[in-house]
Amino acid sequence: MIAMTFEELGGRALPPLIGLVAGGLIAWVFAHWRRLRERRRILRGDARDTVVIHHHLLHRDNGAAVLRIRSLGQGELRHVVPNGHLASIFRARAEAITDRDTLISMVGAEGSYLLETLTGFVCDRTANAGFDHDLYVMAPCCEPQSLAQHQPITLLLIAASDLALFEAWPAARNVRVEHGSDGARVLTLINLARRHRAEQETLAKLRQAGKRTLHVETMYVLDLALDKRSAPLATRDIPWGRFEGVLKQLSLEE
């Protein structure tokens, strides 16, 4: 009687037990694979699952233009862009950048939604009180491995008045920086400055003609109160020889 009872219970319990063990094994394999993939990404510098905010400060030191880059915070991509579809589109566009164009495309309806979402993230992280307000250009970029060792998705913030310096290569070439690798960011700012001017001219013409500007903006100009103070760390000239190939591609130097 007892043996029959155990046999019957064992027959009923065996399938769920096998399912439980199999499920646990599959979950362990998946978690191990995911960690391995994350490790491989880190080893090659791919940090596109992270969104960082960089504030660009432009100062004058004995007549020389000095660019200092300060981080204002970061967040996981899935938290910064909660909508799974938009987050997937954002990462795919970040992976599509090139040496010649490190700005992440914000074209179309999805780009407009992304800009709105990123604006909320920036304003949430930079809501400082007591600092002077200014107009800042916000645009996302991602410098590839050929230009930068670490590749997160970066939200650029730079005062619109400072961005004008990067419209001309001779002026941008002589900017001093804290790290030699910041030359990649200077190239990004050159591209941003040119696009910003062209986009503002297009928007002005459309508005003057009474036409819609829906989905035209690929970068936003935000009214922010940011701390412009910085410690006077040592600066250096940019070793442009490190970026010789890109400079030729951009026709900045022969």
# chains A, B, ... in the order shown; residues from 1 in each chain; ligands from 1
call {"tool": "residues_around", "arguments": {"residues": "range 110-118 of chain A", "least_positions_apart": "3", "cutoff": "9 Å", "atoms": "only C-alpha atoms", "output": "short mmCIF file (atom, residue, chain, number, x, y, z; two decimals) with all heavy atoms, in the first residue's frame"}}
result
data_model
loop_
_atom_site.label_atom_id
_atom_site.label_comp_id
_atom_site.auth_asym_id
_atom_site.auth_seq_id
_atom_site.Cartn_x
_atom_site.Cartn_y
_atom_site.Cartn_z
N VAL A 80 16.99 55.21 -19.25
CA VAL A 80 16.92 56.54 -19.86
C VAL A 80 15.82 56.58 -20.91
O VAL A 80 15.07 57.56 -21.02
CB VAL A 80 18.27 56.90 -20.49
CG1 VAL A 80 18.18 58.24 -21.23
CG2 VAL A 80 19.35 56.98 -19.42
N VAL A 81 15.70 55.51 -21.69
CA VAL A 81 14.66 55.40 -22.72
C VAL A 81 13.80 54.18 -22.37
O VAL A 81 14.07 53.06 -22.82
CB VAL A 81 15.28 55.24 -24.12
CG1 VAL A 81 14.18 55.26 -25.18
CG2 VAL A 81 16.30 56.33 -24.39
N PRO A 82 12.77 54.36 -21.55
CA PRO A 82 11.97 53.23 -21.07
C PRO A 82 11.24 52.47 -22.17
O PRO A 82 10.97 51.28 -22.04
CB PRO A 82 10.97 53.88 -20.10
CG PRO A 82 11.59 55.20 -19.73
CD PRO A 82 12.33 55.63 -20.95
N LEU A 86 11.98 52.29 -28.80
CA LEU A 86 12.85 53.45 -28.99
C LEU A 86 14.27 53.17 -28.52
O LEU A 86 15.24 53.61 -29.14
CB LEU A 86 12.29 54.66 -28.24
CG LEU A 86 11.07 55.35 -28.86
CD1 LEU A 86 10.63 56.51 -27.99
CD2 LEU A 86 11.35 55.80 -30.28
N ALA A 87 14.40 52.43 -27.42
CA ALA A 87 15.73 52.08 -26.91
C ALA A 87 16.49 51.24 -27.93
O ALA A 87 17.69 51.44 -28.16
CB ALA A 87 15.62 51.34 -25.58
N ILE A 89 15.98 51.21 -31.21
CA ILE A 89 16.30 52.09 -32.34
C ILE A 89 17.50 52.97 -32.00
O ILE A 89 18.41 53.16 -32.82
CB ILE A 89 15.09 52.98 -32.68
CG1 ILE A 89 13.96 52.13 -33.26
CG2 ILE A 89 15.48 54.09 -33.65
CD1 ILE A 89 14.27 51.49 -34.58
N PHE A 90 17.53 53.49 -30.77
CA PHE A 90 18.61 54.37 -30.33
C PHE A 90 19.95 53.63 -30.37
O PHE A 90 20.95 54.15 -30.87
CB PHE A 90 18.30 54.87 -28.92
CG PHE A 90 19.12 56.07 -28.50
CD1 PHE A 90 19.70 56.90 -29.43
CD2 PHE A 90 19.29 56.36 -27.15
CE1 PHE A 90 20.44 58.02 -29.05
CE2 PHE A 90 20.02 57.47 -26.75
CZ PHE A 90 20.59 58.29 -27.70
N SER A 105 22.03 59.69 -35.47
CA SER A 105 20.93 60.22 -36.26
C SER A 105 19.66 60.37 -35.42
O SER A 105 19.26 59.45 -34.71
CB SER A 105 20.64 59.31 -37.45
OG SER A 105 19.47 59.73 -38.13
N MET A 106 19.02 61.54 -35.53
CA MET A 106 17.77 61.80 -34.84
C MET A 106 16.68 62.18 -35.85
O MET A 106 15.76 62.95 -35.53
CB MET A 106 17.95 62.94 -33.83
CG MET A 106 18.80 62.60 -32.63
SD MET A 106 17.97 61.50 -31.44
CE MET A 106 18.81 59.95 -31.80
N VAL A 107 16.80 61.64 -37.06
CA VAL A 107 15.83 61.98 -38.10
C VAL A 107 14.53 61.22 -37.89
O VAL A 107 14.50 60.16 -37.26
CB VAL A 107 16.41 61.67 -39.51
CG1 VAL A 107 17.65 62.48 -39.77
CG2 VAL A 107 16.70 60.18 -39.65
N PHE A 121 15.58 63.44 -19.51
CA PHE A 121 16.70 62.87 -18.76
C PHE A 121 17.71 63.94 -18.40
O PHE A 121 18.17 64.03 -17.25
CB PHE A 121 17.35 61.77 -19.59
CG PHE A 121 18.61 61.21 -18.99
CD1 PHE A 121 18.59 60.56 -17.76
CD2 PHE A 121 19.83 61.33 -19.65
CE1 PHE A 121 19.77 60.04 -17.21
CE2 PHE A 121 20.99 60.82 -19.11
CZ PHE A 121 20.97 60.18 -17.89
N VAL A 122 18.06 64.78 -19.36
CA VAL A 122 19.04 65.85 -19.12
C VAL A 122 18.53 66.83 -18.08
O VAL A 122 19.25 67.20 -17.15
CB VAL A 122 19.39 66.57 -20.44
CG1 VAL A 122 20.15 67.86 -20.16
CG2 VAL A 122 20.20 65.67 -21.35
N CYS A 123 17.30 67.27 -18.24
CA CYS A 123 16.74 68.25 -17.31
C CYS A 123 16.61 67.68 -15.90
O CYS A 123 16.79 68.39 -14.91
CB CYS A 123 15.39 68.75 -17.81
SG CYS A 123 15.49 69.75 -19.31
N MET A 138 21.93 70.45 -27.38
CA MET A 138 21.98 69.06 -26.92
C MET A 138 21.86 68.13 -28.13
O MET A 138 20.94 68.26 -28.94
CB MET A 138 20.83 68.76 -25.96
CG MET A 138 20.83 67.32 -25.43
SD MET A 138 19.25 66.80 -24.73
CE MET A 138 18.29 66.52 -26.23
N ALA A 139 22.81 67.22 -28.25
CA ALA A 139 22.77 66.23 -29.34
C ALA A 139 23.50 64.98 -28.88
O ALA A 139 24.49 65.06 -28.16
CB ALA A 139 23.42 66.80 -30.60
N PRO A 140 23.03 63.81 -29.29
CA PRO A 140 23.70 62.55 -28.91
C PRO A 140 24.80 62.17 -29.90
O PRO A 140 24.68 62.41 -31.11
CB PRO A 140 22.56 61.53 -28.93
CG PRO A 140 21.63 62.05 -29.98
CD PRO A 140 21.74 63.55 -29.95
N LEU A 155 25.54 62.32 -24.48
CA LEU A 155 24.70 63.48 -24.76
C LEU A 155 25.57 64.72 -24.62
O LEU A 155 26.04 65.05 -23.52
CB LEU A 155 23.51 63.53 -23.80
CG LEU A 155 22.56 62.33 -23.83
CD1 LEU A 155 21.39 62.56 -22.89
CD2 LEU A 155 22.06 62.08 -25.25
N LEU A 214 7.82 70.06 -38.16
CA LEU A 214 7.73 68.75 -37.53
C LEU A 214 8.84 67.83 -38.01
O LEU A 214 9.06 67.67 -39.21
CB LEU A 214 6.36 68.13 -37.85
CG LEU A 214 6.04 66.78 -37.19
CD1 LEU A 214 5.92 66.95 -35.69
CD2 LEU A 214 4.74 66.21 -37.77
N HIS A 215 9.56 67.25 -37.07
CA HIS A 215 10.63 66.28 -37.30
C HIS A 215 11.84 66.87 -38.04
O HIS A 215 12.68 66.11 -38.53
CB HIS A 215 10.11 65.07 -38.11
CG HIS A 215 8.96 64.38 -37.45
ND1 HIS A 215 8.07 63.59 -38.16
CD2 HIS A 215 8.54 64.35 -36.16
CE1 HIS A 215 7.15 63.10 -37.33
NE2 HIS A 215 7.43 63.56 -36.10
N VAL A 216 11.93 68.18 -38.09
CA VAL A 216 13.08 68.81 -38.75
C VAL A 216 14.28 68.86 -37.80
O VAL A 216 15.42 68.67 -38.21
CB VAL A 216 12.73 70.23 -39.25
CG1 VAL A 216 13.97 70.93 -39.80
CG2 VAL A 216 11.64 70.16 -40.31
N GLU A 217 14.01 69.10 -36.53
CA GLU A 217 15.09 69.24 -35.55
C GLU A 217 15.75 67.89 -35.25
O GLU A 217 15.08 66.92 -34.92
CB GLU A 217 14.56 69.84 -34.25
CG GLU A 217 14.13 71.29 -34.38
CD GLU A 217 13.54 71.83 -33.09
OE1 GLU A 217 12.39 71.46 -32.79
OE2 GLU A 217 14.22 72.60 -32.40
N THR A 218 17.06 67.85 -35.35
CA THR A 218 17.82 66.66 -34.98
C THR A 218 18.69 66.93 -33.76
O THR A 218 19.48 66.08 -33.36
CB THR A 218 18.71 66.21 -36.15
OG1 THR A 218 19.63 67.26 -36.47
CG2 THR A 218 17.88 65.87 -37.37
N MET A 219 18.55 68.11 -33.21
CA MET A 219 19.21 68.49 -31.95
C MET A 219 18.34 69.56 -31.32
O MET A 219 17.59 70.25 -32.00
CB MET A 219 20.62 69.02 -32.22
CG MET A 219 20.66 70.24 -33.12
SD MET A 219 22.32 70.67 -33.71
CE MET A 219 22.60 69.37 -34.92
N TYR A 220 18.40 69.67 -30.00
CA TYR A 220 17.58 70.65 -29.30
C TYR A 220 18.45 71.75 -28.71
O TYR A 220 19.61 71.50 -28.35
CB TYR A 220 16.79 69.98 -28.17
CG TYR A 220 15.48 69.34 -28.61
CD1 TYR A 220 14.67 68.68 -27.69
CD2 TYR A 220 15.05 69.40 -29.92
CE1 TYR A 220 13.48 68.09 -28.06
CE2 TYR A 220 13.86 68.82 -30.31
CZ TYR A 220 13.08 68.16 -29.38
OH TYR A 220 11.89 67.59 -29.77
#
call {"tool": "residues_around", "arguments": {"residues": "Ala164 in chain A", "least_positions_apart": "5", "cutoff": "10 Å", "atoms": "only C-alpha atoms", "output": "ChimeraX atom specification"}}
result
/A:159,172,189-190,192-194,196-197
call {"tool": "closest_residue", "arguments": {"among": "A:Glu143, A:Asp124, A:Glu76, A:Glu244", "to": "Ala96 in chain A", "atoms": "only C-alpha atoms"}}
result
A:Glu143
call {"tool": "atom_distance", "arguments": {"atom1": "CA of Leu203 in chain A", "atom2": "CA of Asp162 in chain A"}}
result
20.5 Å
call {"tool": "residues_around", "arguments": {"residues": "Ile158 in chain A", "least_positions_apart": "5", "cutoff": "6 Å", "atoms": "only C-alpha atoms", "output": "list in words"}}
result
His56, Tyr136 and Val137 of chain A
call {"tool": "atom_distance", "arguments": {"atom1": "CA of Arg176 in chain A", "atom2": "CA of Pro239 in chain A"}}
result
10.1 Å
call {"tool": "atom_distance", "arguments": {"atom1": "CA of Ser230 in chain A", "atom2": "CA of His59 in chain A"}}
result
9.7 Å
call {"tool": "select_by_dssp", "arguments": {"residues": "range 135-198 of chain A", "states": "strand (DSSP E or B)", "output": "list in words"}}
result
Leu135, Tyr136, Val137, Met138, Ala139, Pro140, Cys141, Gln151, Pro152, Ile153, Thr154, Leu155, Leu156, Leu157, Ile158, Ala159, Arg176 and Val177 of chain A
call {"tool": "write_last_selection", "arguments": {"atoms": "all heavy atoms", "output": "CSV table (one decimal), in the first residue's frame"}}
result
chain,number,residue,atom,x,y,z
A,135,LEU,N,21.7,79.2,-23.2
A,135,LEU,CA,21.2,78.3,-24.2
A,135,LEU,C,22.2,77.2,-24.6
A,135,LEU,O,23.3,77.6,-25.0
A,135,LEU,CB,20.7,79.0,-25.5
A,135,LEU,CG,19.6,80.0,-25.3
A,135,LEU,CD1,19.3,80.8,-26.6
A,135,LEU,CD2,18.3,79.3,-24.8
A,136,TYR,N,21.9,76.0,-24.4
A,136,TYR,CA,22.8,74.9,-24.7
A,136,TYR,C,22.3,74.0,-25.8
A,136,TYR,O,21.1,73.7,-25.9
A,136,TYR,CB,23.0,74.0,-23.4
A,136,TYR,CG,23.8,74.7,-22.4
A,136,TYR,CD1,23.1,75.5,-21.4
A,136,TYR,CD2,25.1,74.5,-22.2
A,136,TYR,CE1,23.8,76.2,-20.4
A,136,TYR,CE2,25.9,75.2,-21.2
A,136,TYR,CZ,25.2,76.0,-20.3
A,136,TYR,OH,25.9,76.6,-19.4
A,137,VAL,N,23.1,73.6,-26.7
A,137,VAL,CA,22.8,72.7,-27.8
A,137,VAL,C,23.0,71.3,-27.2
A,137,VAL,O,24.0,70.9,-26.6
A,137,VAL,CB,23.7,72.9,-29.0
A,137,VAL,CG1,23.3,71.8,-30.1
A,137,VAL,CG2,23.5,74.3,-29.6
A,138,MET,N,21.9,70.4,-27.4
A,138,MET,CA,22.0,69.1,-26.9
A,138,MET,C,21.9,68.1,-28.1
A,138,MET,O,20.9,68.3,-28.9
A,138,MET,CB,20.8,68.8,-26.0
A,138,MET,CG,20.8,67.3,-25.4
A,138,MET,SD,19.3,66.8,-24.7
A,138,MET,CE,18.3,66.5,-26.2
A,139,ALA,N,22.8,67.2,-28.2
A,139,ALA,CA,22.8,66.2,-29.3
A,139,ALA,C,23.5,65.0,-28.9
A,139,ALA,O,24.5,65.1,-28.2
A,139,ALA,CB,23.4,66.8,-30.6
A,140,PRO,N,23.0,63.8,-29.3
A,140,PRO,CA,23.7,62.6,-28.9
A,140,PRO,C,24.8,62.2,-29.9
A,140,PRO,O,24.7,62.4,-31.1
A,140,PRO,CB,22.6,61.5,-28.9
A,140,PRO,CG,21.6,62.0,-30.0
A,140,PRO,CD,21.7,63.5,-30.0
A,141,CYS,N,25.9,61.6,-29.4
A,141,CYS,CA,26.9,61.1,-30.3
A,141,CYS,C,27.5,59.8,-29.7
A,141,CYS,O,27.2,59.4,-28.6
A,141,CYS,CB,28.0,62.2,-30.4
A,141,CYS,SG,29.2,62.2,-29.0
A,151,GLN,N,33.3,53.6,-25.6
A,151,GLN,CA,32.2,54.1,-26.5
A,151,GLN,C,30.8,54.0,-25.8
A,151,GLN,O,30.0,53.2,-26.2
A,151,GLN,CB,32.2,53.3,-27.8
A,151,GLN,CG,33.5,53.3,-28.5
A,151,GLN,CD,34.2,52.0,-28.4
A,151,GLN,OE1,33.7,50.9,-28.6
A,151,GLN,NE2,35.5,52.1,-28.2
A,152,PRO,N,30.5,54.9,-24.9
A,152,PRO,CA,29.1,55.0,-24.4
A,152,PRO,C,28.4,55.9,-25.4
A,152,PRO,O,28.9,56.6,-26.3
A,152,PRO,CB,29.3,55.7,-23.1
A,152,PRO,CG,30.5,56.6,-23.3
A,152,PRO,CD,31.4,55.9,-24.2
A,153,ILE,N,27.1,55.9,-25.2
A,153,ILE,CA,26.2,56.9,-25.9
A,153,ILE,C,26.4,58.2,-25.1
A,153,ILE,O,26.1,58.2,-23.9
A,153,ILE,CB,24.8,56.5,-26.0
A,153,ILE,CG1,24.6,55.3,-26.9
A,153,ILE,CG2,23.9,57.7,-26.5
A,153,ILE,CD1,23.2,54.7,-26.9
A,154,THR,N,26.8,59.3,-25.7
A,154,THR,CA,27.1,60.5,-25.0
A,154,THR,C,26.1,61.6,-25.4
A,154,THR,O,25.9,61.9,-26.7
A,154,THR,CB,28.5,61.0,-25.3
A,154,THR,OG1,29.4,60.0,-24.9
A,154,THR,CG2,28.8,62.3,-24.5
A,155,LEU,N,25.5,62.3,-24.5
A,155,LEU,CA,24.7,63.5,-24.8
A,155,LEU,C,25.6,64.7,-24.6
A,155,LEU,O,26.0,65.0,-23.5
A,155,LEU,CB,23.5,63.5,-23.8
A,155,LEU,CG,22.6,62.3,-23.8
A,155,LEU,CD1,21.4,62.6,-22.9
A,155,LEU,CD2,22.1,62.1,-25.2
A,156,LEU,N,25.8,65.4,-25.7
A,156,LEU,CA,26.6,66.6,-25.7
A,156,LEU,C,25.8,67.8,-25.2
A,156,LEU,O,24.7,68.0,-25.7
A,156,LEU,CB,27.1,66.9,-27.1
A,156,LEU,CG,27.8,65.8,-27.9
A,156,LEU,CD1,28.1,66.2,-29.3
A,156,LEU,CD2,29.1,65.4,-27.2
A,157,LEU,N,26.4,68.6,-24.4
A,157,LEU,CA,25.8,69.8,-23.9
A,157,LEU,C,26.9,70.9,-24.1
A,157,LEU,O,28.0,70.8,-23.5
A,157,LEU,CB,25.3,69.8,-22.5
A,157,LEU,CG,24.1,69.0,-22.1
A,157,LEU,CD1,23.8,69.1,-20.7
A,157,LEU,CD2,22.9,69.6,-22.9
A,158,ILE,N,26.6,71.9,-24.9
A,158,ILE,CA,27.6,73.0,-25.1
A,158,ILE,C,26.8,74.3,-25.3
A,158,ILE,O,25.8,74.2,-26.1
A,158,ILE,CB,28.6,72.7,-26.2
A,158,ILE,CG1,29.6,73.8,-26.3
A,158,ILE,CG2,27.9,72.5,-27.6
A,158,ILE,CD1,30.8,73.5,-27.3
A,159,ALA,N,27.3,75.4,-24.7
A,159,ALA,CA,26.6,76.6,-24.9
A,159,ALA,C,26.6,77.0,-26.4
A,159,ALA,O,27.6,76.8,-27.1
A,159,ALA,CB,27.3,77.7,-24.1
A,176,ARG,N,43.0,73.9,-26.9
A,176,ARG,CA,43.7,73.0,-25.9
A,176,ARG,C,42.7,72.2,-25.1
A,176,ARG,O,41.6,72.6,-24.8
A,176,ARG,CB,44.6,73.9,-25.0
A,176,ARG,CG,45.7,74.7,-25.7
A,176,ARG,CD,46.5,75.5,-24.8
A,176,ARG,NE,47.2,74.7,-23.7
A,176,ARG,CZ,48.3,74.1,-23.9
A,176,ARG,NH1,49.0,74.2,-25.1
A,176,ARG,NH2,48.9,73.4,-22.9
A,177,VAL,N,43.2,71.0,-24.7
A,177,VAL,CA,42.3,70.1,-24.0
A,177,VAL,C,43.1,69.5,-22.8
A,177,VAL,O,44.3,69.7,-22.6
A,177,VAL,CB,41.9,68.9,-24.9
A,177,VAL,CG1,41.0,69.5,-26.0
A,177,VAL,CG2,43.1,68.2,-25.5
call {"tool": "select_by_dssp", "arguments": {"residues": "range 11-248 of chain A", "states": "helix (DSSP H, G or I)", "output": "ChimeraX atom specification"}}
result
/A:11-43,77-80,84-95,108-125,160-167,169-173,180-208,240-248
call {"tool": "closest_residue", "arguments": {"among": "A:Ala47, A:Ala171, A:Leu206, A:Ile97", "to": "Gln149 in chain A", "atoms": "only C-alpha atoms"}}
result
A:Ala47
call {"tool": "residues_around", "arguments": {"residues": "Thr102 in chain A", "least_positions_apart": "2", "cutoff": "8 Å", "atoms": "only C-alpha atoms", "output": "number ranges by chain"}}
result
A: 97-100, 104, 141-144, 188
call {"tool": "write_last_selection", "arguments": {"atoms": "N, CA, C and O atoms", "output": "short mmCIF file (atom, residue, chain, number, x, y, z; two decimals), in the first residue's frame"}}
result
data_model
loop_
_atom_site.label_atom_id
_atom_site.label_comp_id
_atom_site.auth_asym_id
_atom_site.auth_seq_id
_atom_site.Cartn_x
_atom_site.Cartn_y
_atom_site.Cartn_z
N ILE A 97 27.15 54.75 -36.36
CA ILE A 97 28.02 55.91 -36.52
C ILE A 97 29.33 55.51 -37.21
O ILE A 97 29.68 54.32 -37.25
N THR A 98 30.01 56.49 -37.76
CA THR A 98 31.27 56.26 -38.47
C THR A 98 32.32 57.26 -38.01
O THR A 98 32.01 58.21 -37.27
N ASP A 99 33.56 57.08 -38.45
CA ASP A 99 34.61 58.04 -38.14
C ASP A 99 34.26 59.43 -38.65
O ASP A 99 34.55 60.43 -38.00
N ARG A 100 33.63 59.48 -39.81
CA ARG A 100 33.30 60.76 -40.43
C ARG A 100 32.09 61.43 -39.78
O ARG A 100 31.96 62.65 -39.83
N ILE A 104 24.75 60.74 -33.57
CA ILE A 104 23.72 59.72 -33.73
C ILE A 104 22.51 60.34 -34.43
O ILE A 104 22.02 61.39 -34.02
N CYS A 141 25.86 61.57 -29.39
CA CYS A 141 26.94 61.11 -30.25
C CYS A 141 27.52 59.82 -29.69
O CYS A 141 27.20 59.41 -28.57
N CYS A 142 28.38 59.20 -30.46
CA CYS A 142 29.10 58.01 -30.01
C CYS A 142 30.36 57.88 -30.85
O CYS A 142 30.27 57.54 -32.03
N GLU A 143 31.51 58.19 -30.25
CA GLU A 143 32.76 58.06 -30.99
C GLU A 143 33.15 56.59 -31.10
O GLU A 143 33.18 55.89 -30.10
N PRO A 144 33.44 56.10 -32.32
CA PRO A 144 33.73 54.68 -32.51
C PRO A 144 35.09 54.29 -31.96
O PRO A 144 35.88 55.13 -31.53
N THR A 188 33.90 65.86 -33.30
CA THR A 188 32.45 65.74 -33.17
C THR A 188 31.81 67.12 -33.06
O THR A 188 30.77 67.39 -33.67
#
call {"tool": "decode", "arguments": {"residues": "range 233-250 of chain A", "atoms": "N, CA and C atoms", "output": "PDB file, in the first residue's frame"}}
result
ATOM      1  N   LEU A 233      42.879  72.538 -14.284  1.00  0.00           N
ATOM      2  CA  LEU A 233      43.782  71.423 -14.542  1.00  0.00           C
ATOM      3  C   LEU A 233      44.669  71.729 -15.753  1.00  0.00           C
ATOM      4  N   ALA A 234      45.819  71.095 -15.792  1.00  0.00           N
ATOM      5  CA  ALA A 234      46.771  71.328 -16.880  1.00  0.00           C
ATOM      6  C   ALA A 234      46.154  70.933 -18.222  1.00  0.00           C
ATOM      7  N   THR A 235      46.465  71.692 -19.258  1.00  0.00           N
ATOM      8  CA  THR A 235      45.953  71.412 -20.595  1.00  0.00           C
ATOM      9  C   THR A 235      47.115  71.216 -21.567  1.00  0.00           C
ATOM     10  N   ARG A 236      46.791  70.725 -22.739  1.00  0.00           N
ATOM     11  CA  ARG A 236      47.813  70.426 -23.744  1.00  0.00           C
ATOM     12  C   ARG A 236      47.224  70.602 -25.130  1.00  0.00           C
ATOM     13  N   ASP A 237      48.106  70.698 -26.115  1.00  0.00           N
ATOM     14  CA  ASP A 237      47.647  70.722 -27.502  1.00  0.00           C
ATOM     15  C   ASP A 237      47.165  69.334 -27.893  1.00  0.00           C
ATOM     16  N   ILE A 238      46.266  69.282 -28.850  1.00  0.00           N
ATOM     17  CA  ILE A 238      45.751  67.995 -29.318  1.00  0.00           C
ATOM     18  C   ILE A 238      46.771  67.346 -30.253  1.00  0.00           C
ATOM     19  N   PRO A 239      47.141  66.104 -30.019  1.00  0.00           N
ATOM     20  CA  PRO A 239      48.066  65.395 -30.922  1.00  0.00           C
ATOM     21  C   PRO A 239      47.335  64.947 -32.188  1.00  0.00           C
ATOM     22  N   TRP A 240      47.175  65.862 -33.126  1.00  0.00           N
ATOM     23  CA  TRP A 240      46.355  65.594 -34.294  1.00  0.00           C
ATOM     24  C   TRP A 240      46.908  64.464 -35.162  1.00  0.00           C
ATOM     25  N   GLY A 241      48.190  64.161 -35.006  1.00  0.00           N
ATOM     26  CA  GLY A 241      48.742  63.043 -35.764  1.00  0.00           C
ATOM     27  C   GLY A 241      48.028  61.743 -35.476  1.00  0.00           C
ATOM     28  N   ARG A 242      47.453  61.633 -34.278  1.00  0.00           N
ATOM     29  CA  ARG A 242      46.701  60.442 -33.887  1.00  0.00           C
ATOM     30  C   ARG A 242      45.429  60.282 -34.715  1.00  0.00           C
ATOM     31  N   PHE A 243      44.932  61.401 -35.260  1.00  0.00           N
ATOM     32  CA  PHE A 243      43.675  61.387 -36.004  1.00  0.00           C
ATOM     33  C   PHE A 243      43.898  61.713 -37.486  1.00  0.00           C
ATOM     34  N   GLU A 244      45.099  61.438 -37.964  1.00  0.00           N
ATOM     35  CA  GLU A 244      45.467  61.812 -39.326  1.00  0.00           C
ATOM     36  C   GLU A 244      44.510  61.248 -40.367  1.00  0.00           C
ATOM     37  N   GLY A 245      44.146  59.979 -40.228  1.00  0.00           N
ATOM     38  CA  GLY A 245      43.261  59.349 -41.204  1.00  0.00           C
ATOM     39  C   GLY A 245      41.903  60.022 -41.275  1.00  0.00           C
ATOM     40  N   VAL A 246      41.324  60.340 -40.125  1.00  0.00           N
ATOM     41  CA  VAL A 246      40.014  60.971 -40.095  1.00  0.00           C
ATOM     42  C   VAL A 246      40.082  62.384 -40.646  1.00  0.00           C
ATOM     43  N   LEU A 247      41.147  63.101 -40.325  1.00  0.00           N
ATOM     44  CA  LEU A 247      41.299  64.470 -40.839  1.00  0.00           C
ATOM     45  C   LEU A 247      41.319  64.483 -42.364  1.00  0.00           C
ATOM     46  N   LYS A 248      41.951  63.475 -42.954  1.00  0.00           N
ATOM     47  CA  LYS A 248      41.981  63.391 -44.422  1.00  0.00           C
ATOM     48  C   LYS A 248      40.598  63.049 -44.973  1.00  0.00           C
ATOM     49  N   GLN A 249      39.889  62.151 -44.274  1.00  0.00           N
ATOM     50  CA  GLN A 249      38.540  61.796 -44.724  1.00  0.00           C
ATOM     51  C   GLN A 249      37.608  63.007 -44.695  1.00  0.00           C
ATOM     52  N   LEU A 250      37.808  63.860 -43.693  1.00  0.00           N
ATOM     53  CA  LEU A 250      36.960  65.050 -43.545  1.00  0.00           C
ATOM     54  C   LEU A 250      37.466  66.222 -44.368  1.00  0.00           C
TER      55      LEU A 250
END
